[in-house]
Amino acid sequence: MSTRLTSDPNFVRQILIVEDEPVIRNTLAEFLTSEGYQVSKAVSVDEGIARAREKDFHVAICDIQLPDGDGIKMMRLMHKINPSVFVLIITAYGTVESAVEAFKAGAFDYLTKPVIFDDLAHKLRRVFEYRDLYLENQKLRRELAQPNRFDQIIGSSEPLRVLHETIGKIAATHSNVLLVGETGTGKELFARAIHSAGPMQEQKFLAVNCGTRPIEMLEAELFGSESGSKSQPGILRTVGDGTVFLDEIASLPMGTQTKLLRAIEYQESMPSGGAETYPVHCRIIASTSEDLLRLVGDGNFQEDLFYRLDGVKIRIPPLRERLDDIPELVDHFVAKHSRTLRKRVVSASSETIRLLMSAQWKGNVRQLDNAIERAVIMCDGTQIEPGDLPPDLLGLGQPLPDTDDLRSALRHYERLHITRVLRQWPDKREAAKRLKLGLSSLYRKIEELGIEI
């Protein structure tokens with residue numbers, strides 16, 4: 001029997017055997033190991049659950065009668081830990097009643113003692129064929145559920161829905177695009193979404209950060225260079241009909257802006273040191289966190305290039321304008337960092353979510369990503385609690401007041417504390433209750449301390 005039904009050559013199928021009879025347990029383990037499975041063993045419900053908390057098994061083979069419970073109980077507990085595990089129940093009786101009970105509890109199939117290896121091999125093949133088909137269907141469902149195939153853009157808030165509609169219309173064209181938004185809003189992610197939903201989605205997407213390279217290196221990368229026997233084709237040429245994403249285009253030097261303007265206007269460019277031009281057919285998506293119109297007025301950005309890019313402009317909203325997306329973003333980042341860090345963190349508590357939705361997020365989605373990564377590292381359980389978050393997230397890490405006066409220091413901390421509670425509990429009545437203040441006293445404190453929410 002071939003146990004590798006997936007195309008991934010590194011995939012190892014994990015099986016847990018929970019059986020209190022040593023001969024059966026060891027014989028099954030020996031057979032399954034010889035068939036290419038990775039096998040773990042347990043002799044009781046408690047030990048089986050402990051193993052399940054340590055590793056995500058694909059299949060569990062459980063005896064229906066165990067010293068500290070039964071396989072049905074075991075199966076229900078395992079599904080709470082890992083809903084995707086498939087369970088085969090072993091019964092010495094093979095009665096219809098026990099089989100029906102097992103199926104009702106969620107068993108995929110059952111085996112009778114003595115276990116026949118050919119029967120076991122056949123049923124495991126069915127399990128993994130079904131599992132692979134199930135996972136593929138789930139993947140297709142997620143892809144179909146995402147508007148315009150923007151499957152990497154997390155969230156369903158109203159600002160994001162409107163943005164999806166706008167991007168869907170623009171992506172269908174081959175027009176150049178300018179993305180504007182604060183640092184950390186994910187402008188490159190939206191640029192990739194425009195490309196992947198556009199008519200040239202099968203072509204290349206190449207990204208260049210305009211502010212991180214010396215001028216000569218940047219121009220050689222963009223337009224190419226020819227010097228003697230050495231030549232370097234620029235990405236405006238190598239990308240063909242694809243998309244070039246120019247991140248933070250405001251950082252481009254004036255001379256480079258001129259060359260880019262020519263490439264856009266005349267759809268041709270000349271490499272540094274070259275004598276002949278080459279055609280440019282790519283789509284340009286540029287991004288900036290600067291006010292380009294102000295830079296034009298200051299003489300730091302070419303007016304003609306500005307108007308070439310500004311014709312199709314999309315504003316990416318900051319995270320504070322799409323707070324409803326935070327729960328989905330948190331789920332996404334928890335899953336990502338738990339997988340990378342090999343932690344068993346699966347979610348964030350409701351109190352943690354409330355705290356995250358009350359933070360200011362000056363660094364936007366990138367800051368949230370970093371905060372969740374830190375929280376996953378600090379978390380000792382399966383759920384992120386407020387204490388796992390960065391201490392300065394809600395302003396708790398602000399510097400000490402520059403004064404020796406006790407009254408001023410107390411006023412400073414009083415302002416910080418009330419501000420934090422109000423962000424966590426925007427309803428003034430609830431905040432007053434938490435602070436153990438009367439509602440009128442809270443309003444007076446807000447006015448006296450100059451608190452802005």
# chains A, B, ... in the order shown; residues from 1 in each chain; ligands from 1
>>> select_by_dssp(residues="range 31-75 of chain A", states="helix (DSSP H, G or I)", output="JSON, numbers by chain")
{"A": [31, 32, 33, 34, 45, 46, 47, 48, 49, 50, 51, 52, 53, 54, 71, 72, 73, 74, 75]}
>>> write_last_selection(atoms="all heavy atoms", output="short mmCIF file (atom, residue, chain, number, x, y, z; two decimals), in the first residue's frame")
data_model
loop_
_atom_site.label_atom_id
_atom_site.label_comp_id
_atom_site.auth_asym_id
_atom_site.auth_seq_id
_atom_site.Cartn_x
_atom_site.Cartn_y
_atom_site.Cartn_z
N PHE A 31 3.11 -2.94 12.27
CA PHE A 31 2.57 -3.03 10.91
C PHE A 31 2.49 -1.65 10.26
O PHE A 31 2.92 -1.47 9.11
CB PHE A 31 1.19 -3.69 10.93
CG PHE A 31 0.46 -3.59 9.62
CD1 PHE A 31 0.86 -4.32 8.52
CD2 PHE A 31 -0.63 -2.72 9.49
CE1 PHE A 31 0.19 -4.21 7.30
CE2 PHE A 31 -1.30 -2.60 8.28
CZ PHE A 31 -0.89 -3.35 7.18
N LEU A 32 1.93 -0.68 10.97
CA LEU A 32 1.75 0.66 10.40
C LEU A 32 3.09 1.34 10.12
O LEU A 32 3.24 2.05 9.13
CB LEU A 32 0.89 1.51 11.33
CG LEU A 32 -0.57 1.05 11.47
CD1 LEU A 32 -1.30 1.89 12.52
CD2 LEU A 32 -1.29 1.14 10.13
N THR A 33 4.06 1.12 10.99
CA THR A 33 5.40 1.68 10.76
C THR A 33 6.00 1.10 9.49
O THR A 33 6.61 1.81 8.69
CB THR A 33 6.32 1.40 11.97
OG1 THR A 33 5.75 1.99 13.14
CG2 THR A 33 7.70 1.99 11.73
N SER A 34 5.82 -0.21 9.29
CA SER A 34 6.34 -0.85 8.08
C SER A 34 5.66 -0.33 6.83
O SER A 34 6.21 -0.39 5.73
CB SER A 34 6.18 -2.36 8.17
OG SER A 34 4.81 -2.74 8.07
N VAL A 45 -7.22 6.75 28.00
CA VAL A 45 -7.81 8.01 27.52
C VAL A 45 -6.93 9.18 27.90
O VAL A 45 -6.61 10.03 27.07
CB VAL A 45 -9.23 8.19 28.10
CG1 VAL A 45 -9.75 9.59 27.79
CG2 VAL A 45 -10.18 7.14 27.54
N ASP A 46 -6.50 9.23 29.17
CA ASP A 46 -5.68 10.36 29.62
C ASP A 46 -4.37 10.46 28.84
O ASP A 46 -3.96 11.56 28.43
CB ASP A 46 -5.37 10.22 31.12
CG ASP A 46 -6.58 10.51 31.98
OD1 ASP A 46 -7.55 11.10 31.45
OD2 ASP A 46 -6.57 10.16 33.18
N GLU A 47 -3.71 9.32 28.63
CA GLU A 47 -2.45 9.35 27.89
C GLU A 47 -2.70 9.71 26.42
O GLU A 47 -1.92 10.45 25.81
CB GLU A 47 -1.73 8.01 27.98
CG GLU A 47 -0.33 8.06 27.36
CD GLU A 47 0.40 6.72 27.47
OE1 GLU A 47 -0.19 5.75 27.99
OE2 GLU A 47 1.55 6.67 27.00
N GLY A 48 -3.79 9.23 25.85
CA GLY A 48 -4.11 9.56 24.47
C GLY A 48 -4.37 11.04 24.28
O GLY A 48 -3.90 11.65 23.31
N ILE A 49 -5.11 11.64 25.23
CA ILE A 49 -5.38 13.08 25.15
C ILE A 49 -4.09 13.87 25.31
O ILE A 49 -3.87 14.89 24.63
CB ILE A 49 -6.41 13.49 26.23
CG1 ILE A 49 -7.78 12.85 25.92
CG2 ILE A 49 -6.53 14.99 26.32
CD1 ILE A 49 -8.34 13.22 24.57
N ALA A 50 -3.21 13.43 26.19
CA ALA A 50 -1.92 14.10 26.37
C ALA A 50 -1.12 14.07 25.07
O ALA A 50 -0.50 15.07 24.68
CB ALA A 50 -1.13 13.44 27.50
N ARG A 51 -1.12 12.92 24.37
CA ARG A 51 -0.42 12.82 23.09
C ARG A 51 -1.05 13.76 22.06
O ARG A 51 -0.36 14.39 21.26
CB ARG A 51 -0.48 11.38 22.57
CG ARG A 51 0.25 10.36 23.40
CD ARG A 51 1.75 10.38 23.14
NE ARG A 51 2.41 9.32 23.86
CZ ARG A 51 2.86 9.41 25.10
NH1 ARG A 51 2.71 10.56 25.76
NH2 ARG A 51 3.44 8.39 25.70
N ALA A 52 -2.37 13.84 22.07
CA ALA A 52 -3.08 14.68 21.10
C ALA A 52 -2.80 16.16 21.32
O ALA A 52 -2.85 16.96 20.38
CB ALA A 52 -4.58 14.42 21.17
N ARG A 53 -2.53 16.54 22.57
CA ARG A 53 -2.18 17.93 22.84
C ARG A 53 -0.76 18.26 22.38
O ARG A 53 -0.42 19.42 22.15
CB ARG A 53 -2.31 18.23 24.34
CG ARG A 53 -3.74 18.17 24.86
CD ARG A 53 -3.83 18.65 26.29
NE ARG A 53 -5.13 18.40 26.87
CZ ARG A 53 -6.21 19.15 26.66
NH1 ARG A 53 -6.13 20.20 25.87
NH2 ARG A 53 -7.37 18.85 27.23
N GLU A 54 0.07 17.24 22.26
CA GLU A 54 1.46 17.44 21.85
C GLU A 54 1.63 17.47 20.34
O GLU A 54 2.56 18.08 19.83
CB GLU A 54 2.34 16.32 22.42
CG GLU A 54 2.42 16.29 23.95
CD GLU A 54 3.06 15.01 24.47
OE1 GLU A 54 3.38 14.13 23.63
OE2 GLU A 54 3.22 14.89 25.69
N GLY A 71 -13.63 4.52 24.04
CA GLY A 71 -13.19 5.17 22.81
C GLY A 71 -14.11 6.29 22.36
O GLY A 71 -13.67 7.24 21.71
N ILE A 72 -15.39 6.18 22.70
CA ILE A 72 -16.34 7.23 22.33
C ILE A 72 -15.99 8.53 23.06
O ILE A 72 -15.94 9.61 22.47
CB ILE A 72 -17.79 6.81 22.68
CG1 ILE A 72 -18.15 5.47 22.01
CG2 ILE A 72 -18.76 7.90 22.27
CD1 ILE A 72 -18.15 5.50 20.51
N LYS A 73 -15.73 8.41 24.38
CA LYS A 73 -15.32 9.57 25.17
C LYS A 73 -14.01 10.13 24.63
O LYS A 73 -13.85 11.35 24.48
CB LYS A 73 -15.16 9.17 26.63
CG LYS A 73 -14.55 10.24 27.51
CD LYS A 73 -14.29 9.71 28.91
CE LYS A 73 -13.55 10.74 29.77
NZ LYS A 73 -13.23 10.20 31.12
N MET A 74 -13.10 9.23 24.35
CA MET A 74 -11.80 9.62 23.82
C MET A 74 -11.95 10.41 22.52
O MET A 74 -11.32 11.45 22.31
CB MET A 74 -10.98 8.35 23.56
CG MET A 74 -9.71 8.55 22.79
SD MET A 74 -8.38 9.05 23.87
CE MET A 74 -7.12 9.34 22.64
N MET A 75 -12.81 9.94 21.64
CA MET A 75 -13.01 10.57 20.35
C MET A 75 -13.57 11.98 20.50
O MET A 75 -13.11 12.93 19.84
CB MET A 75 -13.95 9.71 19.51
CG MET A 75 -14.25 10.29 18.14
SD MET A 75 -15.05 9.07 17.07
CE MET A 75 -16.27 8.40 18.17
#
>>> closest_atom_pairs(of="range 183-211 of chain A", to="range 220-237 of chain A", cutoff="12 Å", atoms="only C-alpha atoms", output="CSV")
residue,atom,partner,partner_atom,distance
A:Lys204,CA,A:Ile235,CA,10.0
A:Phe205,CA,A:Ile235,CA,9.9
A:Leu206,CA,A:Ile235,CA,7.5
A:Ala207,CA,A:Ile235,CA,9.4
A:Val208,CA,A:Leu222,CA,8.4
A:Asn209,CA,A:Leu222,CA,10.8
A:Cys210,CA,A:Leu222,CA,9.9
>>> atom_distance(atom1="CA of Val12 in chain A", atom2="CA of Ser40 in chain A")
12.9 Å
>>> closest_residue(among="A:Ala42, A:Ala197, A:Ile15, A:Ile451", to="Val85 in chain A", atoms="only C-alpha atoms")
A:Ile15
>>> residues_around(residues="Thr258 in chain A", least_positions_apart="4", cutoff="8 Å", atoms="only C-alpha atoms", output="PyMOL selection string")
chain A and resi 254+262+302+305
>>> write_last_selection(atoms="N, CA and C atoms", output="compact mmCIF listing (two decimals), in the first residue's frame")
# COMPACT_ATOMS: atom_id res chain seq x y z
N MET A 254 15.08 62.87 -8.73
CA MET A 254 14.45 63.59 -9.84
C MET A 254 14.87 63.03 -11.19
N ARG A 262 9.45 58.94 -18.98
CA ARG A 262 9.62 58.62 -20.41
C ARG A 262 9.16 57.19 -20.70
N GLN A 302 8.18 65.34 -9.83
CA GLN A 302 7.82 65.87 -11.15
C GLN A 302 6.32 65.93 -11.34
N LEU A 305 4.90 63.41 -13.97
CA LEU A 305 4.86 62.04 -13.47
C LEU A 305 3.72 61.87 -12.47
>>> decode(residues="range 242-284 of chain A", atoms="C-alpha atoms", output="short mmCIF file (atom, residue, chain, number, x, y, z; two decimals), in the first residue's frame")
data_model
loop_
_atom_site.label_atom_id
_atom_site.label_comp_id
_atom_site.auth_asym_id
_atom_site.auth_seq_id
_atom_site.Cartn_x
_atom_site.Cartn_y
_atom_site.Cartn_z
CA GLY A 242 3.42 41.79 -16.17
CA THR A 243 3.37 44.29 -13.29
CA VAL A 244 6.13 46.34 -11.68
CA PHE A 245 5.35 47.57 -8.16
CA LEU A 246 7.32 50.68 -7.17
CA ASP A 247 7.06 50.98 -3.40
CA GLU A 248 7.50 54.48 -1.87
CA ILE A 249 7.88 56.17 -5.23
CA ALA A 250 8.35 59.55 -3.52
CA SER A 251 11.91 58.39 -2.73
CA LEU A 252 12.88 58.34 -6.42
CA PRO A 253 15.54 60.95 -7.31
CA MET A 254 14.45 63.59 -9.84
CA GLY A 255 16.64 62.16 -12.61
CA THR A 256 15.18 58.70 -12.13
CA GLN A 257 11.69 60.19 -12.16
CA THR A 258 12.44 61.65 -15.60
CA LYS A 259 13.48 58.26 -16.96
CA LEU A 260 10.39 56.61 -15.49
CA LEU A 261 8.14 59.30 -16.97
CA ARG A 262 9.62 58.62 -20.41
CA ALA A 263 9.08 54.89 -20.00
CA ILE A 264 5.41 55.50 -19.17
CA GLU A 265 4.75 58.18 -21.81
CA TYR A 266 6.57 56.62 -24.76
CA GLN A 267 6.50 52.98 -23.62
CA GLU A 268 10.23 52.65 -24.15
CA SER A 269 13.39 52.95 -22.10
CA MET A 270 17.14 53.00 -22.58
CA PRO A 271 19.58 51.15 -20.30
CA SER A 272 22.40 53.09 -18.65
CA GLY A 273 25.36 53.18 -21.05
CA GLY A 274 23.22 51.85 -23.90
CA ALA A 275 22.54 53.31 -27.34
CA GLU A 276 19.23 51.65 -28.20
CA THR A 277 15.86 51.73 -26.55
CA TYR A 278 13.66 48.74 -25.79
CA PRO A 279 9.85 48.60 -25.58
CA VAL A 280 8.08 48.77 -22.22
CA HIS A 281 4.71 47.00 -21.97
CA CYS A 282 4.36 46.45 -18.23
CA ARG A 283 1.79 47.86 -15.85
CA ILE A 284 3.14 50.24 -13.21
#
